[in-house]
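> Sharing upload_11.cif here; it has mmCIF, C-alpha atoms and all ligand atoms.
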data_input
loop_
_atom_site.label_atom_id
_atom_site.label_comp_id
_atom_site.auth_asym_id
_atom_site.auth_seq_id
_atom_site.Cartn_x
_atom_site.Cartn_y
_atom_site.Cartn_z
CA MET A 12 0.00 0.00 0.00
CA LYS A 13 1.36 3.40 -0.97
CA LYS A 14 1.12 6.50 1.20
CA SER A 15 -1.43 9.09 0.21
CA ILE A 16 -2.04 12.75 0.76
CA ARG A 17 -4.04 11.70 3.85
CA ASP A 18 -0.82 10.53 5.53
CA ILE A 19 1.04 13.86 5.49
CA ASP A 20 0.88 17.14 7.39
CA PRO A 21 1.38 19.84 4.76
CA ALA A 22 1.10 22.84 7.15
CA GLY A 23 3.83 25.37 6.35
CA LYS A 24 5.48 22.92 3.93
CA ARG A 25 6.35 23.33 0.26
CA VAL A 26 4.32 20.63 -1.46
CA LEU A 27 5.49 19.88 -4.99
CA MET A 28 2.59 18.27 -6.81
CA ARG A 29 2.62 16.68 -10.26
CA VAL A 30 -0.79 17.22 -11.87
CA ASP A 31 -2.13 16.38 -15.30
CA PHE A 32 -3.01 19.75 -16.83
CA ASN A 33 -2.43 18.45 -20.34
CA VAL A 34 -5.70 20.06 -21.48
CA PRO A 35 -6.91 20.42 -25.07
CA LEU A 36 -6.54 23.97 -26.44
CA ASP A 37 -8.21 25.53 -29.51
CA ASP A 38 -6.33 27.59 -32.13
CA ASP A 39 -6.61 30.73 -29.95
CA GLY A 40 -5.05 28.94 -26.97
CA LYS A 41 -8.39 28.62 -25.13
CA ILE A 42 -9.04 25.52 -23.05
CA THR A 43 -11.79 23.43 -24.65
CA ASP A 44 -12.15 20.87 -21.85
CA ASP A 45 -11.08 21.64 -18.28
CA SER A 46 -12.00 18.30 -16.71
CA ARG A 47 -8.36 17.44 -15.98
CA ILE A 48 -7.94 20.70 -14.07
CA LYS A 49 -11.16 20.06 -12.16
CA GLY A 50 -9.90 16.56 -11.33
CA ALA A 51 -6.91 17.94 -9.42
CA ILE A 52 -8.90 20.39 -7.28
CA PRO A 53 -9.76 18.05 -4.37
CA SER A 54 -6.04 17.41 -3.76
CA ILE A 55 -5.08 21.05 -4.26
CA GLU A 56 -7.74 22.35 -1.85
CA HIS A 57 -6.95 19.64 0.71
CA LEU A 58 -3.36 20.95 0.78
CA THR A 59 -4.16 24.68 0.77
CA ASN A 60 -6.85 24.28 3.46
CA ALA A 61 -4.26 22.57 5.64
CA GLY A 62 -1.82 25.47 5.17
CA GLY A 63 0.47 23.89 2.60
CA ARG A 64 2.31 25.92 -0.05
CA VAL A 65 1.32 24.21 -3.26
CA ILE A 66 3.72 24.13 -6.20
CA LEU A 67 2.11 22.51 -9.22
CA MET A 68 3.93 21.07 -12.20
CA SER A 69 2.61 19.45 -15.38
CA HIS A 70 3.30 18.89 -19.03
CA LEU A 71 1.17 20.16 -21.90
CA GLY A 72 1.42 18.70 -25.39
CA ARG A 73 4.70 17.69 -26.94
CA PRO A 74 7.08 20.66 -27.04
CA LYS A 75 9.96 18.18 -27.44
CA GLY A 76 12.33 19.69 -24.92
CA GLU A 77 12.11 23.27 -26.22
CA LYS A 78 10.47 26.40 -24.87
CA ASN A 79 7.47 27.06 -27.07
CA PRO A 80 4.73 29.52 -26.02
CA GLU A 81 2.16 27.46 -27.91
CA PHE A 82 2.45 24.88 -25.13
CA SER A 83 2.43 27.31 -22.19
CA LEU A 84 0.51 26.30 -19.07
CA LYS A 85 -0.50 29.93 -18.36
CA PRO A 86 -4.11 29.35 -19.55
CA ALA A 87 -4.32 26.42 -17.11
CA ALA A 88 -3.19 28.65 -14.22
CA ASP A 89 -5.88 31.20 -15.10
CA ARG A 90 -8.57 28.54 -15.39
CA LEU A 91 -7.59 26.92 -12.09
CA GLY A 92 -7.79 30.33 -10.41
CA GLU A 93 -11.36 30.78 -11.69
CA LEU A 94 -12.36 27.30 -10.60
CA ILE A 95 -11.04 27.56 -7.04
CA SER A 96 -11.89 31.28 -6.71
CA ALA A 97 -8.41 32.01 -5.42
CA PRO A 98 -5.32 33.49 -7.00
CA VAL A 99 -3.04 31.03 -8.76
CA LYS A 100 0.47 32.31 -9.36
CA PHE A 101 2.32 31.36 -12.50
CA VAL A 102 6.02 31.41 -13.32
CA ASP A 103 7.41 31.15 -16.83
CA ASP A 104 9.91 28.40 -16.06
CA CYS A 105 9.92 25.19 -14.03
CA VAL A 106 13.57 25.31 -12.90
CA GLY A 107 16.20 28.03 -12.56
CA ALA A 108 16.24 31.45 -10.91
CA SER A 109 12.72 32.65 -11.75
CA ALA A 110 11.10 29.40 -10.59
CA GLU A 111 13.19 29.37 -7.40
CA ALA A 112 12.24 32.97 -6.62
CA ALA A 113 8.53 32.27 -7.20
CA VAL A 114 8.67 29.26 -4.89
CA ALA A 115 10.51 31.24 -2.21
CA ASP A 116 7.79 33.92 -2.37
CA LEU A 117 4.98 31.49 -1.80
CA LYS A 118 3.01 31.79 1.48
CA ASP A 119 1.08 29.14 3.39
CA GLY A 120 -2.14 28.25 1.56
CA GLU A 121 -1.01 29.74 -1.76
CA VAL A 122 -0.81 28.00 -5.14
CA LEU A 123 1.85 28.37 -7.83
CA LEU A 124 1.92 26.67 -11.24
CA LEU A 125 5.31 26.15 -12.86
CA GLU A 126 5.71 26.34 -16.65
CA ASN A 127 5.59 23.17 -18.78
CA VAL A 128 8.14 20.60 -17.58
CA ARG A 129 8.50 19.26 -21.14
CA PHE A 130 10.22 22.52 -22.15
CA TYR A 131 13.26 20.55 -20.96
CA ALA A 132 14.42 17.30 -22.54
CA GLY A 133 15.45 16.18 -19.04
CA GLU A 134 11.76 15.62 -18.26
CA THR A 135 11.09 12.73 -20.64
CA ASP A 136 14.71 11.54 -20.33
CA ASN A 137 14.12 11.23 -16.59
CA ASP A 138 17.43 13.03 -16.17
CA ALA A 139 18.79 12.94 -12.61
CA ASP A 140 20.05 16.51 -12.63
CA PHE A 141 16.74 17.88 -13.90
CA SER A 142 14.87 15.73 -11.35
CA ARG A 143 17.07 17.15 -8.59
CA GLN A 144 16.31 20.72 -9.68
CA LEU A 145 12.56 20.06 -9.66
CA ALA A 146 12.75 18.24 -6.32
CA ALA A 147 14.52 21.23 -4.74
CA HIS A 148 11.22 23.17 -4.94
CA GLY A 149 9.49 20.92 -2.42
CA ASP A 150 9.63 19.38 1.04
CA ILE A 151 6.97 16.85 0.10
CA TYR A 152 6.12 15.40 -3.31
CA VAL A 153 2.57 14.46 -4.33
CA ASN A 154 1.80 12.69 -7.57
CA ASP A 155 -1.78 13.19 -8.74
CA ALA A 156 -1.18 12.85 -12.48
CA PHE A 157 -2.63 9.44 -13.24
CA GLY A 158 -2.55 10.04 -17.01
CA THR A 159 1.27 10.05 -16.99
CA ALA A 160 1.85 7.61 -14.12
CA HIS A 161 2.84 4.89 -16.64
CA ARG A 162 5.79 7.05 -17.74
CA ALA A 163 9.08 7.15 -15.83
CA HIS A 164 9.76 10.86 -16.32
CA ALA A 165 11.57 13.35 -14.07
CA SER A 166 8.38 14.94 -12.69
CA THR A 167 6.51 11.63 -12.33
CA ALA A 168 9.21 9.36 -10.95
CA GLY A 169 12.75 10.83 -10.98
CA VAL A 170 11.99 13.52 -8.37
CA THR A 171 11.19 10.94 -5.71
CA ALA A 172 14.87 10.03 -5.41
CA PHE A 173 15.64 13.58 -4.19
CA ILE A 174 12.77 14.25 -1.81
CA ASP A 175 12.07 12.61 1.55
CA THR A 176 8.33 12.15 1.37
CA SER A 177 6.50 11.06 -1.77
CA VAL A 178 2.76 10.27 -1.73
CA MET A 179 -0.19 10.01 -4.09
CA GLY A 180 -3.08 12.45 -4.40
CA PHE A 181 -6.80 11.70 -4.29
CA LEU A 182 -7.09 11.18 -8.04
CA ILE A 183 -4.53 8.38 -8.20
CA GLU A 184 -5.95 6.94 -4.99
CA LYS A 185 -9.40 6.66 -6.62
CA GLU A 186 -7.97 5.16 -9.80
CA LEU A 187 -6.26 2.45 -7.75
CA GLU A 188 -9.39 1.83 -5.72
CA TYR A 189 -11.48 1.15 -8.84
CA LEU A 190 -8.96 -0.32 -11.28
CA VAL A 191 -7.18 -2.53 -8.75
CA THR A 192 -8.81 -2.98 -5.33
CA LYS A 193 -12.43 -3.30 -6.41
CA LEU A 194 -11.44 -5.84 -9.06
CA GLU A 195 -9.63 -8.11 -6.64
CA GLU A 196 -12.91 -9.44 -5.27
CA PRO A 197 -15.39 -8.01 -7.76
CA GLN A 198 -19.10 -7.87 -7.08
CA ARG A 199 -20.43 -10.60 -9.39
CA PRO A 200 -21.18 -11.19 -12.14
CA PHE A 201 -18.14 -9.28 -13.36
CA VAL A 202 -18.65 -8.26 -17.00
CA VAL A 203 -15.78 -6.95 -19.11
CA ILE A 204 -16.79 -4.92 -22.18
CA MET A 205 -14.04 -4.37 -24.72
CA GLY A 206 -14.16 -2.53 -28.00
CA GLY A 207 -12.05 -0.23 -30.10
CA ALA A 208 -9.67 -0.88 -32.90
CA LYS A 209 -7.41 -3.82 -32.30
CA VAL A 210 -7.35 -7.15 -30.53
CA SER A 211 -3.57 -6.88 -30.34
CA ASP A 212 -3.87 -3.68 -28.23
CA LYS A 213 -6.13 -5.38 -25.70
CA ILE A 214 -4.81 -8.93 -25.70
CA GLN A 215 -2.97 -8.60 -22.40
CA ILE A 216 -6.03 -7.22 -20.64
CA LEU A 217 -8.22 -9.94 -22.10
CA GLU A 218 -5.80 -12.61 -20.95
CA ARG A 219 -5.41 -11.16 -17.50
CA LEU A 220 -9.10 -10.54 -16.90
CA MET A 221 -9.90 -14.01 -18.20
CA GLU A 222 -9.07 -15.30 -14.70
CA LYS A 223 -11.50 -12.90 -13.03
CA ALA A 224 -14.34 -12.09 -15.41
CA ASP A 225 -17.66 -13.93 -15.49
CA ALA A 226 -18.44 -12.74 -19.03
CA PHE A 227 -16.94 -10.74 -21.87
CA ILE A 228 -18.70 -8.49 -24.35
CA ILE A 229 -16.75 -7.60 -27.48
CA GLY A 230 -17.53 -4.84 -29.98
CA GLY A 231 -15.76 -2.39 -32.26
CA ALA A 232 -13.36 -3.30 -35.02
CA MET A 233 -11.96 -5.85 -32.56
CA ALA A 234 -15.09 -7.90 -33.07
CA ASN A 235 -14.44 -7.88 -36.84
CA THR A 236 -11.10 -9.55 -36.20
CA PHE A 237 -12.76 -12.22 -34.04
CA ARG A 238 -15.40 -12.88 -36.72
CA LEU A 239 -12.71 -13.11 -39.41
CA ALA A 240 -10.80 -15.53 -37.19
CA GLN A 241 -13.91 -17.70 -37.11
CA GLY A 242 -13.88 -17.72 -40.89
CA TYR A 243 -16.67 -15.25 -41.68
CA GLU A 244 -16.75 -12.80 -44.60
CA MET A 245 -16.14 -9.29 -43.27
CA GLY A 246 -16.03 -7.42 -46.61
CA ASN A 247 -14.02 -4.22 -46.41
CA SER A 248 -14.20 -4.01 -42.62
CA PHE A 249 -11.33 -2.67 -40.62
CA ALA A 250 -9.79 -5.74 -38.98
CA GLU A 251 -6.40 -7.21 -38.22
CA ARG A 252 -6.01 -9.61 -41.10
CA LYS A 253 -2.54 -11.00 -40.40
CA GLU A 254 -2.45 -14.65 -39.41
CA GLU A 255 -0.71 -13.71 -36.15
CA ALA A 256 -3.64 -11.55 -35.01
CA LEU A 257 -6.21 -14.10 -36.11
CA GLU A 258 -4.34 -16.77 -34.17
CA MET A 259 -4.38 -14.51 -31.12
CA ALA A 260 -8.14 -14.10 -31.46
CA ARG A 261 -8.64 -17.87 -31.83
CA GLY A 262 -6.47 -18.42 -28.75
CA ILE A 263 -8.69 -16.12 -26.67
CA LEU A 264 -11.85 -17.83 -27.90
CA LYS A 265 -10.38 -21.20 -27.00
CA THR A 266 -9.38 -20.12 -23.50
CA ALA A 267 -12.82 -18.63 -22.86
CA GLU A 268 -14.44 -21.85 -24.00
CA ALA A 269 -12.13 -24.00 -21.89
CA ASN A 270 -12.90 -21.83 -18.84
CA GLY A 271 -16.61 -21.85 -19.55
CA THR A 272 -16.59 -18.02 -19.61
CA PRO A 273 -19.29 -16.59 -21.89
CA PHE A 274 -17.56 -14.57 -24.61
CA HIS A 275 -20.23 -12.49 -26.32
CA LEU A 276 -19.34 -11.41 -29.83
CA PRO A 277 -21.92 -9.22 -31.60
CA ALA A 278 -24.68 -11.46 -33.04
CA ASP A 279 -24.88 -9.15 -36.04
CA THR A 280 -22.83 -6.31 -37.53
CA ARG A 281 -23.92 -2.90 -38.84
CA TYR A 282 -22.22 -2.01 -42.09
CA THR A 283 -22.04 0.82 -44.61
CA LYS A 284 -20.81 1.62 -48.10
CA ASP A 285 -19.73 5.19 -47.33
CA PHE A 286 -17.57 5.94 -44.33
CA ALA A 287 -19.28 9.29 -43.62
CA ASP A 288 -21.68 10.97 -41.18
CA ASP A 289 -25.29 9.91 -41.75
CA ALA A 290 -24.36 7.40 -44.47
CA PRO A 291 -27.01 4.66 -44.86
CA THR A 292 -26.30 1.50 -42.84
CA GLU A 293 -27.69 -2.02 -42.71
CA CYS A 294 -27.33 -4.95 -40.34
CA THR A 295 -26.10 -8.36 -41.39
CA GLY A 296 -28.11 -11.44 -40.54
CA ILE A 297 -27.13 -13.42 -37.46
CA TRP A 298 -23.55 -14.68 -37.61
CA GLY A 299 -23.47 -18.44 -37.99
CA GLU A 300 -26.69 -18.53 -40.01
CA GLU A 301 -26.47 -19.48 -43.67
CA GLY A 302 -25.42 -16.62 -45.95
CA THR A 303 -24.56 -14.06 -43.24
CA ALA A 304 -21.71 -11.83 -44.44
CA VAL A 305 -20.58 -8.23 -44.74
CA PRO A 306 -20.78 -7.68 -48.54
CA ALA A 307 -17.43 -7.30 -50.30
CA ASP A 308 -17.76 -3.53 -50.90
CA ARG A 309 -19.16 -2.73 -47.44
CA GLU A 310 -17.50 -2.26 -44.06
CA GLY A 311 -18.66 -3.16 -40.56
CA ILE A 312 -18.73 0.05 -38.52
CA ASP A 313 -20.84 -0.85 -35.49
CA ILE A 314 -22.59 -3.70 -33.71
CA GLY A 315 -26.04 -4.64 -35.05
CA ASP A 316 -29.52 -4.44 -33.49
CA LYS A 317 -29.59 -8.02 -32.22
CA ALA A 318 -26.14 -7.53 -30.66
CA ILE A 319 -27.44 -4.46 -28.84
CA GLU A 320 -30.40 -6.44 -27.52
CA ASP A 321 -28.15 -9.28 -26.28
CA PHE A 322 -25.50 -7.03 -24.76
CA THR A 323 -28.10 -4.93 -22.96
CA LYS A 324 -29.44 -8.06 -21.21
CA VAL A 325 -25.99 -9.19 -20.07
CA ILE A 326 -25.14 -5.71 -18.79
CA ALA A 327 -28.43 -5.43 -16.87
CA GLU A 328 -27.48 -8.52 -14.81
CA ALA A 329 -23.90 -7.42 -14.06
CA GLY A 330 -22.57 -6.69 -10.57
CA THR A 331 -19.37 -5.03 -11.83
CA VAL A 332 -18.77 -3.61 -15.30
CA ILE A 333 -15.54 -2.48 -16.86
CA TRP A 334 -15.89 -0.79 -20.22
CA ASN A 335 -12.93 -0.08 -22.46
CA GLY A 336 -13.31 0.86 -26.12
CA PRO A 337 -16.25 1.95 -28.29
CA MET A 338 -18.60 -0.55 -29.97
CA GLY A 339 -18.21 1.17 -33.33
CA VAL A 340 -17.01 4.30 -35.08
CA PHE A 341 -18.79 6.51 -32.54
CA GLU A 342 -17.15 9.67 -33.91
CA LYS A 343 -19.44 9.46 -36.97
CA ARG A 344 -23.16 10.23 -36.77
CA GLY A 345 -25.12 7.06 -37.38
CA PHE A 346 -22.20 4.76 -36.56
CA ASP A 347 -22.57 5.51 -32.85
CA ILE A 348 -25.76 3.51 -32.15
CA GLY A 349 -24.06 0.54 -30.46
CA THR A 350 -21.72 2.66 -28.34
CA LYS A 351 -24.65 4.82 -27.20
CA ALA A 352 -26.79 1.79 -26.38
CA VAL A 353 -24.05 0.02 -24.43
CA GLY A 354 -23.27 3.25 -22.53
CA ALA A 355 -26.98 3.64 -21.72
CA ALA A 356 -27.21 0.03 -20.52
CA ILE A 357 -24.23 0.47 -18.20
CA ALA A 358 -25.59 3.76 -16.85
CA ALA A 359 -28.99 2.14 -16.25
CA ASN A 360 -27.53 -0.60 -14.03
CA GLU A 361 -27.47 1.41 -10.83
CA ALA A 362 -26.73 -1.57 -8.60
CA ALA A 363 -23.50 -2.39 -10.40
CA ILE A 364 -20.06 -0.91 -9.85
CA THR A 365 -19.44 0.74 -13.21
CA ILE A 366 -15.97 1.63 -14.40
CA VAL A 367 -15.05 3.29 -17.68
CA GLY A 368 -11.41 2.68 -18.44
CA GLY A 369 -9.83 5.59 -20.15
CA GLY A 370 -9.49 7.19 -23.55
CA ASP A 371 -12.22 6.85 -26.15
CA SER A 372 -14.83 5.23 -23.93
CA VAL A 373 -14.62 8.15 -21.50
CA THR A 374 -15.01 10.56 -24.44
CA ALA A 375 -18.00 8.55 -25.68
CA ALA A 376 -19.64 8.33 -22.23
CA ASN A 377 -19.32 12.09 -21.82
CA GLN A 378 -20.41 12.83 -25.37
CA PHE A 379 -23.61 10.82 -24.91
CA GLY A 380 -24.28 12.19 -21.42
CA PHE A 381 -23.66 9.06 -19.31
CA GLY A 382 -20.49 10.24 -17.60
CA GLU A 383 -22.21 11.31 -14.38
CA LYS A 384 -23.91 7.94 -13.98
CA MET A 385 -20.68 5.94 -13.89
CA ASP A 386 -18.99 5.16 -10.57
CA HIS A 387 -15.57 5.76 -12.04
CA MET A 388 -14.36 7.36 -15.24
CA SER A 389 -10.65 6.81 -15.50
CA THR A 390 -8.54 9.88 -16.26
CA GLY A 391 -5.82 7.84 -17.95
CA GLY A 392 -5.78 6.11 -21.33
CA GLY A 393 -2.48 4.23 -21.48
CA ALA A 394 -2.14 4.28 -17.69
CA SER A 395 -5.50 2.63 -17.09
CA LEU A 396 -4.78 -0.05 -19.70
CA GLU A 397 -1.45 -0.82 -18.05
CA LEU A 398 -3.06 -1.05 -14.61
CA LEU A 399 -5.69 -3.43 -15.97
CA GLU A 400 -2.92 -5.49 -17.52
CA GLY A 401 -1.55 -5.83 -14.00
CA LYS A 402 1.57 -3.79 -14.63
CA GLU A 403 3.27 -1.64 -12.04
CA LEU A 404 3.21 2.04 -13.03
CA PRO A 405 6.56 3.81 -12.44
CA GLY A 406 4.85 6.99 -11.14
CA ILE A 407 3.11 4.97 -8.44
CA ALA A 408 5.87 2.43 -7.73
CA ALA A 409 8.23 5.33 -6.86
CA LEU A 410 6.01 6.58 -4.01
CA ASP A 411 6.55 5.77 -0.30
CA ASP A 412 5.08 2.59 1.11
CA LYS A 413 2.89 2.80 4.19
P1 LIG B 1 -9.17 2.17 -29.30
O1 LIG B 1 -8.25 3.34 -29.26
O2 LIG B 1 -8.51 0.87 -29.51
O3 LIG B 1 -10.15 2.14 -28.13
O4 LIG B 1 -10.03 2.34 -30.64
C1 LIG B 1 -10.95 3.36 -30.78
C2 LIG B 1 -11.21 3.59 -32.22
O5 LIG B 1 -11.73 2.42 -32.82
C3 LIG B 1 -12.24 4.68 -32.45
O6 LIG B 1 -11.62 5.77 -33.09
C4 LIG B 1 -13.28 4.03 -33.33
O7 LIG B 1 -13.70 4.85 -34.40
C5 LIG B 1 -12.56 2.82 -33.88
N1 LIG B 1 -13.50 1.77 -34.24
C6 LIG B 1 -14.40 1.17 -33.46
N2 LIG B 1 -15.14 0.29 -34.19
C7 LIG B 1 -14.69 0.34 -35.46
C8 LIG B 1 -15.04 -0.34 -36.67
N3 LIG B 1 -16.01 -1.24 -36.69
N4 LIG B 1 -14.36 -0.02 -37.79
C9 LIG B 1 -13.35 0.90 -37.76
N5 LIG B 1 -12.98 1.56 -36.65
C10 LIG B 1 -13.63 1.28 -35.50
#
Please express the file's structure as structure tokens.


Amino acid sequence: MKKSIRDIDPAGKRVLMRVDFNVPLDDDGKITDDSRIKGAIPSIEHLTNAGGRVILMSHLGRPKGEKNPEFSLKPAADRLGELISAPVKFVDDCVGASAEAAVADLKDGEVLLLENVRFYAGETDNDADFSRQLAAHGDIYVNDAFGTAHRAHASTAGVTAFIDTSVMGFLIEKELEYLVTKLEEPQRPFVVIMGGAKVSDKIQILERLMEKADAFIIGGAMANTFRLAQGYEMGNSFAERKEEALEMARGILKTAEANGTPFHLPADTRYTKDFADDAPTECTGIWGEEGTAVPADREGIDIGDKAIEDFTKVIAEAGTVIWNGPMGVFEKRGFDIGTKAVGAAIAANEAAITIVGGGDSVTAANQFGFGEKMDHMSTGGGASLELLEGKELPGIAALDDK
């Protein structure tokens, strides 16, 4: 068990906190989605209320080790100030004289945001000297940037070698609670819903969760690969067509069968001729029935109506649900029916523990208005996948044990 922000006394201390303020900006440099900033507020206010001096650091975009005003965190400082209704200081560097002076000026209960740590190559190189310079700003280190916890960078891992106390913030604590602890003894039945592009991206999670899950639901282009592996005609569908991937898919199907774990592939597939918003779509017949195929000039872009009906029933009975990956090309109008329906079914199961694991599924859940209904929406894409694969994340491993 790692120490958390609950285990420290920040009063009068300089608390150096890594946050994930890697927010999307429009062409005018305006923040288009501030949910990552909002996510850090509970930890920030916990520290300021207790009299800590809070020094925030983050990356934004990929400035590749060079100072570039396009990737400045200044808009994030302003937005945080509005959200917490308190001044948030900003300094145009994360190390060096100006940063040191800004830190030295900070009073108990105040907040300072340092400029983008990726303006220095030492950040992603996890350079010891750069880590030491960052660490010198704080008496205590808090990591609350789950989205980068799977990276061993200076601000996420390297700093811990040069600071006495290193703990996690509330955001990482909640991610661990849902993506690790609650899955150790899941409320049953435990249903794993996987979608998205590739089987090969999710193979490790599928294999790992095979030991725990009571049922799997598969959608997205991934399902096309499984259907191809079973020998069906998938037309022009996006799928992994190499023998290696098909073998992988067959291996998973075999394991599920041997374990007696229901592995629900979509009973039918929605397909189109034109890959465009509002293009006409049709559903195949039921897979396994005579003549069912995606025609040669068509591509499967979503799960079909019968699949939606089946999946909805399985989800309604679930005690724990993990959802990772859309059921179809949800970014296009008309190809989003399956993703919307599955999201709605998860949201409707109020008795279940419902977890949305990162990236596209979080975007989809928010886009279709189900975000609030989920017990946990992970703030990390790659990081949540790695946790579900059972890997140790360097940004968490580096923190103090209890
Ligand atoms: P991932 O990052 O693996 O979760 O994949 C998400 C992407 O998979 C989204 O951009 C979807 O548009 C895409 N996707 C889902 N279903 C399909 C499909 N049937 N054909 C092509 N792309 C798909």

> Could you name the residues that touch segment 165-177 of chain A at 7 Å or less, counting all atoms listed in the file, but leaving out those on the same chain fewer than 3 positions away, as a compact mmCIF listing (two decimals) with C-alpha atoms, in the frame of the given file?


# COMPACT_ATOMS: atom_id res chain seq x y z
CA ARG A 29 2.62 16.68 -10.26
CA GLY A 133 15.45 16.18 -19.04
CA GLU A 134 11.76 15.62 -18.26
CA THR A 135 11.09 12.73 -20.64
CA ASN A 137 14.12 11.23 -16.59
CA ASP A 138 17.43 13.03 -16.17
CA ALA A 139 18.79 12.94 -12.61
CA PHE A 141 16.74 17.88 -13.90
CA SER A 142 14.87 15.73 -11.35
CA ARG A 143 17.07 17.15 -8.59
CA LEU A 145 12.56 20.06 -9.66
CA ALA A 146 12.75 18.24 -6.32
CA ASP A 150 9.63 19.38 1.04
CA ILE A 151 6.97 16.85 0.10
CA TYR A 152 6.12 15.40 -3.31
CA VAL A 153 2.57 14.46 -4.33
CA ASN A 154 1.80 12.69 -7.57
CA ALA A 160 1.85 7.61 -14.12
CA PRO A 405 6.56 3.81 -12.44
CA GLY A 406 4.85 6.99 -11.14
CA ALA A 409 8.23 5.33 -6.86
CA LEU A 410 6.01 6.58 -4.01
CA ASP A 411 6.55 5.77 -0.30

> Show me, as a PDB file with C-alpha atoms, keeping the file's coordinate frame, the residues that have an atom within 8 Å of Lys13 of chain A when counting only C-alpha atoms, minus same-chain residues fewer than 4 positions from it.


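Produced file result.pdb, reproduced below:
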ATOM      1  CA  VAL A 178       2.760  10.270  -1.730  1.00  0.00           C
ATOM      2  CA  MET A 179      -0.190  10.010  -4.090  1.00  0.00           C
ATOM      3  CA  ILE A 407       3.110   4.970  -8.440  1.00  0.00           C
ATOM      4  CA  LEU A 410       6.010   6.580  -4.010  1.00  0.00           C
ATOM      5  CA  ASP A 411       6.550   5.770  -0.300  1.00  0.00           C
ATOM      6  CA  ASP A 412       5.080   2.590   1.110  1.00  0.00           C
ATOM      7  CA  LYS A 413       2.890   2.800   4.190  1.00  0.00           C
TER       8      LYS A 413
END

> Near Ala97 of chain A, counting only C-alpha atoms, which residues have an atom at most 9 Å away, once you skip same-chain residues fewer than 3 positions from it, shown as a VMD selection string?

chain A and resid 91 to 94 121 to 122

> Under the rule that all atoms listed in the file are counted, which of A:Leu398, A:Lys213, A:Glu293, A:Phe274 is the nearest residue to ligand LIG 1 (chain B)?

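Ranked by minimum distance to ligand LIG 1 (chain B), first place goes to A:Lys213.
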
> Could you give me the residues within 6 Å of ligand LIG 1 (chain B), counting all atoms listed in the file, as a PyMOL selection string?

chain A and resi 207-209+231-232+249+311-313+336-342+371

> If you measure from atom CA of Asp347 of chain A to atom CA of Ile48 of chain A, what distance in Å do you get, rounded to one decimal?

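Calculated distance between atom CA of Asp347 of chain A and atom CA of Ile48 of chain A is 28.2 Å.
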